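J.: Handing you this structure, nothing more for now.
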Amino acid sequence: MTTAEIVERYYDAWINRDGDMSEVPLADDFVFVGPVGNFDSADGFRAMAGQFGPAATDFTVRHRFIDGDRACAFVSGNLAAIPGTTTAAELLEVRDGALVRAEVIYDAEELRKAAAAGRV
């Protein structure tokens with residue numbers, strides 16, 4: 001499976017499968033780095049994505065770049081508990097046919113406020 005195919009499955013899981021990552025090839029030691037949470041295993045990330053995915057609406061990949069085993073995407077989406085649209089940059093890394101790392105970068109201030117208020 002190519003980097004582009006793996007990245008396509010990853011975003012399909014967010015857009016069409018409510019964060020169900022069961023068909024996304026993730027390395028067992030998959031690392032996710034984000035402004036409100038980090039994970040160092042595929043199992044931990046899959047659990048989070050399964051909870052967070054249904055809360056995200058209108059998730060869109062605005063643009064994606066592939067360079068060898070790395071991808072960069074600009075994505076946008078909405079959460080019912082947060083006003084407005086959140087736009088993020090995401091860096092993905094593939095090795096040996098599996099996604100090994102994802103880092104998402106966005107302003108998480110509104111998400112932190114919603115979490116502190118118990119709305120997320």
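FYI, nothing fancy with the structure tokens labels: chains A, B, ... in order, residues from 1 per chain, ligands from 1 as they appear.
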Determine, counting only C-alpha atoms, which protein, DNA and RNA residues have an atom within 7 Å of an atom of Ala102 of chain A; residues of the same chain fewer than 3 positions away are not included. Present the result as a list in words.
T.: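 Contacts, with the query itself left out: Val31, Phe32, Val33, Glu90, Leu91, Leu92 and Glu93 of chain A.
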J.: Could the residues in this selection be saved with C-alpha atoms as a compact mmCIF listing (two decimals), in the first residue's frame?
T.:
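What ended up in again_12.txt:
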# COMPACT_ATOMS: atom_id res chain seq x y z
CA VAL A 31 2.53 8.07 17.83
CA PHE A 32 -0.04 10.88 17.77
CA VAL A 33 0.93 14.37 18.91
CA GLU A 90 -1.42 17.65 10.01
CA LEU A 91 1.87 15.87 9.36
CA LEU A 92 1.72 12.13 8.72
CA GLU A 93 4.56 9.63 8.41
J.: For the structure I just gave you, how does DSSP split segment 2-77 of chain A - specifically, which residues are strand (DSSP E or B)? Reply as a VMD selection string.
T.: chain A and resid 26 to 33 38 to 39 56 to 67 70 to 77
J.: What lies within 10 Å of Ala80 of chain A using only C-alpha atoms, ignoring chain neighbours under 2 positions off, as a PDB file with N, CA and C atoms, in the first residue's frame?
T.:
ATOM      1  N   ALA A  55     -18.122  13.308  17.106  1.00  0.00           N
ATOM      2  CA  ALA A  55     -18.375  14.694  17.509  1.00  0.00           C
ATOM      3  C   ALA A  55     -17.955  15.698  16.441  1.00  0.00           C
ATOM      4  N   ALA A  56     -17.108  15.270  15.516  1.00  0.00           N
ATOM      5  CA  ALA A  56     -16.628  16.163  14.455  1.00  0.00           C
ATOM      6  C   ALA A  56     -17.610  16.141  13.287  1.00  0.00           C
ATOM      7  N   THR A  57     -17.941  17.318  12.793  1.00  0.00           N
ATOM      8  CA  THR A  57     -18.844  17.423  11.651  1.00  0.00           C
ATOM      9  C   THR A  57     -18.171  18.236  10.551  1.00  0.00           C
ATOM     10  N   ASN A  78     -15.792  21.025  12.215  1.00  0.00           N
ATOM     11  CA  ASN A  78     -16.568  21.672  13.271  1.00  0.00           C
ATOM     12  C   ASN A  78     -16.883  20.672  14.363  1.00  0.00           C
ATOM     13  N   ILE A  82     -17.977  23.702  20.073  1.00  0.00           N
ATOM     14  CA  ILE A  82     -17.025  24.787  19.838  1.00  0.00           C
ATOM     15  C   ILE A  82     -17.550  25.690  18.733  1.00  0.00           C
ATOM     16  N   PRO A  83     -17.552  27.001  18.964  1.00  0.00           N
ATOM     17  CA  PRO A  83     -18.028  27.904  17.921  1.00  0.00           C
ATOM     18  C   PRO A  83     -17.050  27.973  16.741  1.00  0.00           C
ATOM     19  N   GLY A  84     -17.587  28.074  15.538  1.00  0.00           N
ATOM     20  CA  GLY A  84     -16.761  28.270  14.355  1.00  0.00           C
ATOM     21  C   GLY A  84     -16.102  27.002  13.856  1.00  0.00           C
ATOM     22  N   ARG A 119     -18.283  20.256  28.110  1.00  0.00           N
ATOM     23  CA  ARG A 119     -19.115  20.209  26.897  1.00  0.00           C
ATOM     24  C   ARG A 119     -18.568  19.214  25.860  1.00  0.00           C
ATOM     25  N   VAL A 120     -17.372  18.706  26.076  1.00  0.00           N
ATOM     26  CA  VAL A 120     -16.784  17.746  25.132  1.00  0.00           C
ATOM     27  C   VAL A 120     -16.519  16.447  25.844  1.00  0.00           C
TER      28      VAL A 120
END
J.: Tell me which of A:Gly19, A:Pro25, A:Gly77, A:Gly118 sits closest to Met48 of chain A, counting only C-alpha atoms.
T.: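 For Met48 of chain A, the nearest of the candidates is A:Gly19.
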J.: DSSP on the backbone: which residues in segment 7-101 of chain A end up as alpha helix (DSSP H)? Give the answer as a list in words.
T.: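 Matching residues for alpha helix (DSSP H) in segment 7-101 of chain A are Val7, Glu8, Arg9, Tyr10, Tyr11, Asp12, Ala13, Trp14, Ile15, Asn16, Ala42, Asp43, Gly44, Phe45, Arg46, Ala47, Met48, Ala49, Gly50, Gln51 and Phe52 of chain A.
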J.: Atoms to include: N, CA and C atoms. Write the selected residues as a CSV table (one decimal), in the first residue's frame.
T.:
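So part_27.csv came out as:
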chain,number,residue,atom,x,y,z
A,7,VAL,N,-2.8,7.4,3.6
A,7,VAL,CA,-3.3,8.7,3.9
A,7,VAL,C,-4.8,8.8,3.6
A,8,GLU,N,-5.2,8.3,2.4
A,8,GLU,CA,-6.6,8.3,2.0
A,8,GLU,C,-7.5,7.5,2.9
A,9,ARG,N,-7.0,6.4,3.4
A,9,ARG,CA,-7.8,5.6,4.3
A,9,ARG,C,-7.9,6.3,5.7
A,10,TYR,N,-6.9,7.0,6.1
A,10,TYR,CA,-6.9,7.7,7.3
A,10,TYR,C,-8.0,8.8,7.3
A,11,TYR,N,-8.0,9.6,6.2
A,11,TYR,CA,-8.9,10.7,6.2
A,11,TYR,C,-10.3,10.2,5.9
A,12,ASP,N,-10.5,9.1,5.2
A,12,ASP,CA,-11.8,8.5,5.0
A,12,ASP,C,-12.4,8.0,6.3
A,13,ALA,N,-11.5,7.5,7.2
A,13,ALA,CA,-12.0,7.2,8.5
A,13,ALA,C,-12.6,8.4,9.3
A,14,TRP,N,-11.9,9.5,9.2
A,14,TRP,CA,-12.4,10.7,9.8
A,14,TRP,C,-13.7,11.2,9.2
A,15,ILE,N,-13.7,11.3,7.8
A,15,ILE,CA,-14.8,11.9,7.1
A,15,ILE,C,-16.0,11.0,7.0
A,16,ASN,N,-15.9,9.7,6.7
A,16,ASN,CA,-17.0,8.8,6.5
A,16,ASN,C,-17.3,7.8,7.5
A,42,ALA,N,-1.2,2.4,18.9
A,42,ALA,CA,-2.3,2.4,17.9
A,42,ALA,C,-3.6,2.2,18.7
A,43,ASP,N,-3.6,1.4,19.7
A,43,ASP,CA,-4.9,1.1,20.5
A,43,ASP,C,-5.4,2.4,21.2
A,44,GLY,N,-4.5,3.1,21.8
A,44,GLY,CA,-4.9,4.4,22.5
A,44,GLY,C,-5.5,5.4,21.5
A,45,PHE,N,-4.8,5.5,20.3
A,45,PHE,CA,-5.3,6.4,19.3
A,45,PHE,C,-6.6,6.0,18.8
A,46,ARG,N,-6.8,4.7,18.5
A,46,ARG,CA,-8.0,4.2,17.9
A,46,ARG,C,-9.2,4.5,18.9
A,47,ALA,N,-9.0,4.3,20.2
A,47,ALA,CA,-10.0,4.6,21.2
A,47,ALA,C,-10.4,6.1,21.2
A,48,MET,N,-9.4,6.9,21.1
A,48,MET,CA,-9.7,8.4,21.1
A,48,MET,C,-10.4,8.7,19.8
A,49,ALA,N,-10.0,8.3,18.7
A,49,ALA,CA,-10.6,8.6,17.4
A,49,ALA,C,-12.0,8.1,17.4
A,50,GLY,N,-12.3,7.0,17.9
A,50,GLY,CA,-13.7,6.4,18.0
A,50,GLY,C,-14.6,7.3,18.8
A,51,GLN,N,-14.1,7.9,19.9
A,51,GLN,CA,-14.9,8.8,20.7
A,51,GLN,C,-15.0,10.2,20.1
A,52,PHE,N,-13.9,10.7,19.5
A,52,PHE,CA,-13.9,12.1,19.0
A,52,PHE,C,-14.5,12.2,17.6
J.: In Å, how far is it from atom CA of Val100 of chain A to atom CA of Phe30 of chain A?
T.: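 Result for atom CA of Val100 of chain A versus atom CA of Phe30 of chain A: 4.6 Å, one decimal.
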J.: Between atom CA of Thr85 of chain A and atom CA of Ser22 of chain A, what is the spacing in Å?
T.: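 Going from atom CA of Ser22 of chain A over to atom CA of Thr85 of chain A covers 26.7 Å.
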